[in-house]
Structures are given as structure tokens and as C-alpha cells.
Amino acid sequence: METPNIFDLGLQADLKMAAQSPITRRQVLKLGAFGLVAFLASCAPVASTPTSSSSSTSSGESSDACVSEIPEETAGPYPADGSRASNQTLNALALAGIVRQDIRTSLGTGNTAPGIPITIEMTLVNTNDNCAPLAGYAVYAWHCTREGDYSMYSQGVTDEDFLRGVQVSDSEGKLSFTSIFPGCYSGRWPHVHFEVYPSLEQATGSNNVVHTSQMALLEDVCQTVYETDGYETSARNLPGITLATDNIFSDGYEQQMATMSGDVANGYVAKLTVGVAV
């Protein structure tokens, strides 16, 4: 009997595996006893612990203000979400293991995309309900390699499926991915694509998408990262594009610009509050 391929069992296998994982602890517990008491007594707002780094960079986004709905954007030519794109119909969402926090390694080949580490953190909120957290929603995120190529589509990486993955928001609407800093290819500002689904069970294809958008990355951080080995192509491409000339962000990027911190040695964190009207 032929041995079944563990990478072709589909989403249902992922759902069973996810059920075995412990529930993510709420962020407030990380603040310790004092923070928990303050929260329960409603004496002070709960906030994220600030990053203490002299090289940290921030967009100045306030986490306390209710955001507007994030702009709807194209999924682009390389979504691999079951839709017809680039003359192909590819679906990474059908791969067993696609529900993962670390998206750096290819499920099929075991190869890992090289690059400066980045943690992509998103907070999903309902703009129709005073930005209440959207718990239990799934996000499918994908982006290019440091050279500007997309797994499953670009020449040389068609057999790879790295830099693609799905995560589910916790009770505070939060989720995160561990990845590598995206490159810059000709004609586009550095970015991360993502689709929001109403649940993990429905994160099977583009027909169930609630919202599609893109995260923009800060220019000075991109410049710093692209000075490192391996990002030479991105360093050449970045001066040829601006947010004002980018075909996605030129009409406004306030709701899509990530707050960023970190450095080359330790990696970066990109945070974005994603407003969705549901």
C-alpha cells in the first residue's frame, strides 16, 4: 500500500491538530499581578509592554484609538488562495500544516527562506462595534522572499510554499507570524498580503474571504535591512518606488502602515491593527 503524503491531508487535519494546542494566554497576564489587578479594577487601560531598544522605530500609531476600516486591496497575482491568478489555480490553504505561526520553512521541501527575522503581529477589530476584538477569525498571510520572489509562482521557488501561513485570532483579536523581512521588487513598495476569514473552518479558499488588504513597511527600516547580505536586489529596487507612486498605497496608507521596532541583530516586530466591518 502506498504511504499517504502527510502534506496533502487538507485543512481538516490541521483543525484536529489545532484542537490539541493550548489556548493562547491573554496579553494581560503578561503584565503580572499588578497589571492584572489594575485591569480588573478598571483603574488603568491595559497596554502592550513597550520595546526598549535604542534602535527601535515607530510610526506613532496609537493603540488606544478606534481605527477605521482598513482599505480593501487586491490579493495580487500570487495569492495561492484557490482563485485564478497568474494563469494558475493554486491553493496553499489546502496544504496540511498551513495553519502555522512560523512560516519560514516550506512544508513540502523543508527548505527555509533566508532573511532578517520579523514577527508580524495583527490585532483584528470590528469597526461596526467600536473596535471590539474579533476573536476566532483566521488570517492567511503571504509575502515575497528577500529577493522579491513568491513561493509557488516565481521561477526557482515554484516547489516551495514558505512565507505563507494561517493563524487564528485569540480572545483579544490578536495573532502573529514569525517570518523573514520581505524584499522589495520592481514597481511595489515592501508589503505583506493578507486575507481575513470568518473562521478557521472557512479558511479554505478566496470565496470565503471577509476582507483583503496589505501591510506597508516603514522606509527607514527597509533601508536598514536592505543594507544586509542577501538583500542586494531589494536595495537596488527600493529607490525606484515611493509610497506616493506605489499602485496600492498611493491613495492613502495610514491604516496600513505598520508600527515597527527592533534591529538587524535581533530581528524586527511589525504591528498593525486591522479594522474590519462585520
# chains A, B, ... in the order shown; residues from 1 in each chain; ligands from 1
>>> closest_atom_pairs(of="stretch 142-257 of chain A", to="stretch 270-273 of chain A", cutoff="10 Å", atoms="only C-alpha atoms", output="Markdown table")
| residue | atom | partner | partner_atom | distance |
| --- | --- | --- | --- | --- |
| A:Gly173 | CA | A:Thr273 | CA | 9.4 |
| A:Lys174 | CA | A:Thr273 | CA | 9.0 |
| A:Ser176 | CA | A:Lys271 | CA | 9.0 |
| A:Phe177 | CA | A:Ala270 | CA | 10.0 |
| A:Phe181 | CA | A:Ala270 | CA | 9.7 |
| A:Met215 | CA | A:Leu272 | CA | 7.6 |
| A:Ala216 | CA | A:Leu272 | CA | 9.4 |
| A:Leu217 | CA | A:Ala270 | CA | 7.8 |
| A:Leu218 | CA | A:Ala270 | CA | 9.3 |
| A:Gln255 | CA | A:Thr273 | CA | 8.0 |
| A:Gln256 | CA | A:Leu272 | CA | 7.2 |
| A:Met257 | CA | A:Leu272 | CA | 7.2 |
>>> write_last_selection(atoms="N, CA, C and O atoms", output="JSON list (two decimals), in the first residue's frame")
[["chain", "number", "residue", "atom", "x", "y", "z"],
["A", 173, "GLY", "N", -8.41, 39.34, 19.77],
["A", 173, "GLY", "CA", -8.29, 39.63, 18.35],
["A", 173, "GLY", "C", -6.87, 39.58, 17.83],
["A", 173, "GLY", "O", -6.60, 39.98, 16.70],
["A", 174, "LYS", "N", -5.94, 39.05, 18.64],
["A", 174, "LYS", "CA", -4.53, 39.09, 18.28],
["A", 174, "LYS", "C", -4.05, 37.77, 17.66],
["A", 174, "LYS", "O", -4.51, 36.70, 18.00],
["A", 176, "SER", "N", -0.16, 36.28, 15.38],
["A", 176, "SER", "CA", 1.16, 36.68, 14.90],
["A", 176, "SER", "C", 1.78, 35.60, 14.03],
["A", 176, "SER", "O", 1.40, 34.42, 14.11],
["A", 177, "PHE", "N", 2.74, 36.02, 13.20],
["A", 177, "PHE", "CA", 3.52, 35.13, 12.36],
["A", 177, "PHE", "C", 4.99, 35.43, 12.56],
["A", 177, "PHE", "O", 5.39, 36.59, 12.73],
["A", 181, "PHE", "N", 12.08, 39.28, 6.84],
["A", 181, "PHE", "CA", 11.72, 40.61, 6.35],
["A", 181, "PHE", "C", 11.53, 40.54, 4.83],
["A", 181, "PHE", "O", 12.42, 40.13, 4.10],
["A", 215, "MET", "N", -0.22, 45.13, 4.30],
["A", 215, "MET", "CA", 0.52, 45.87, 5.31],
["A", 215, "MET", "C", 1.73, 46.53, 4.66],
["A", 215, "MET", "O", 2.49, 45.88, 3.94],
["A", 216, "ALA", "N", 1.93, 47.82, 4.91],
["A", 216, "ALA", "CA", 3.10, 48.54, 4.40],
["A", 216, "ALA", "C", 4.19, 48.59, 5.47],
["A", 216, "ALA", "O", 3.90, 48.64, 6.67],
["A", 217, "LEU", "N", 5.45, 48.59, 5.04],
["A", 217, "LEU", "CA", 6.58, 48.61, 5.95],
["A", 217, "LEU", "C", 7.30, 49.95, 5.89],
["A", 217, "LEU", "O", 7.36, 50.58, 4.83],
["A", 218, "LEU", "N", 7.85, 50.38, 7.03],
["A", 218, "LEU", "CA", 8.47, 51.69, 7.14],
["A", 218, "LEU", "C", 9.74, 51.80, 6.29],
["A", 218, "LEU", "O", 10.57, 50.90, 6.25],
["A", 255, "GLN", "N", -3.94, 53.56, 7.40],
["A", 255, "GLN", "CA", -4.45, 52.39, 8.11],
["A", 255, "GLN", "C", -3.64, 51.13, 7.83],
["A", 255, "GLN", "O", -3.89, 50.08, 8.45],
["A", 256, "GLN", "N", -2.67, 51.22, 6.92],
["A", 256, "GLN", "CA", -1.93, 50.03, 6.50],
["A", 256, "GLN", "C", -0.46, 50.06, 6.90],
["A", 256, "GLN", "O", 0.23, 49.05, 6.74],
["A", 257, "MET", "N", 0.01, 51.19, 7.42],
["A", 257, "MET", "CA", 1.42, 51.31, 7.80],
["A", 257, "MET", "C", 1.66, 50.68, 9.17],
["A", 257, "MET", "O", 1.04, 51.06, 10.16]]
>>> residues_around(residues="stretch 230-234 of chain A", least_positions_apart="6", cutoff="6 Å", atoms="only C-alpha atoms", output="compact mmCIF listing (two decimals) with N, CA, C and O atoms, in the first residue's frame")
# COMPACT_ATOMS: atom_id res chain seq x y z
N ARG A 146 13.38 37.60 0.25
CA ARG A 146 14.26 38.77 0.30
C ARG A 146 14.71 39.20 -1.11
O ARG A 146 15.09 40.34 -1.32
N GLU A 147 14.60 38.26 -2.07
CA GLU A 147 14.93 38.59 -3.46
C GLU A 147 13.74 39.14 -4.22
O GLU A 147 13.88 39.57 -5.37
N GLY A 183 11.32 41.31 0.87
CA GLY A 183 12.14 42.10 -0.04
C GLY A 183 11.32 43.14 -0.77
O GLY A 183 10.13 43.31 -0.53
N CYS A 184 11.99 43.86 -1.65
CA CYS A 184 11.34 44.88 -2.49
C CYS A 184 11.60 44.51 -3.95
O CYS A 184 12.74 44.41 -4.37
>>> closest_atom_pairs(of="stretch 209-260 of chain A", to="stretch 123-139 of chain A", cutoff="10 Å", atoms="only C-alpha atoms", output="CSV")
residue,atom,partner,partner_atom,distance
A:Val209,CA,A:Val139,CA,9.4
A:Val210,CA,A:Tyr137,CA,9.6
A:His211,CA,A:Val139,CA,9.6
A:Thr212,CA,A:Val139,CA,9.6
>>> atom_distance(atom1="atom CA of A:Thr158", atom2="atom CA of A:Thr119")
24.5 Å
>>> select_by_dssp(residues="stretch 67-217 of chain A", states="strand (DSSP E or B)", output="PyMOL selection string")
chain A and resi 81-85+88-91+99+102+105+112+117-126+132-133+138-142+164-168+174-180+191-197+211-216
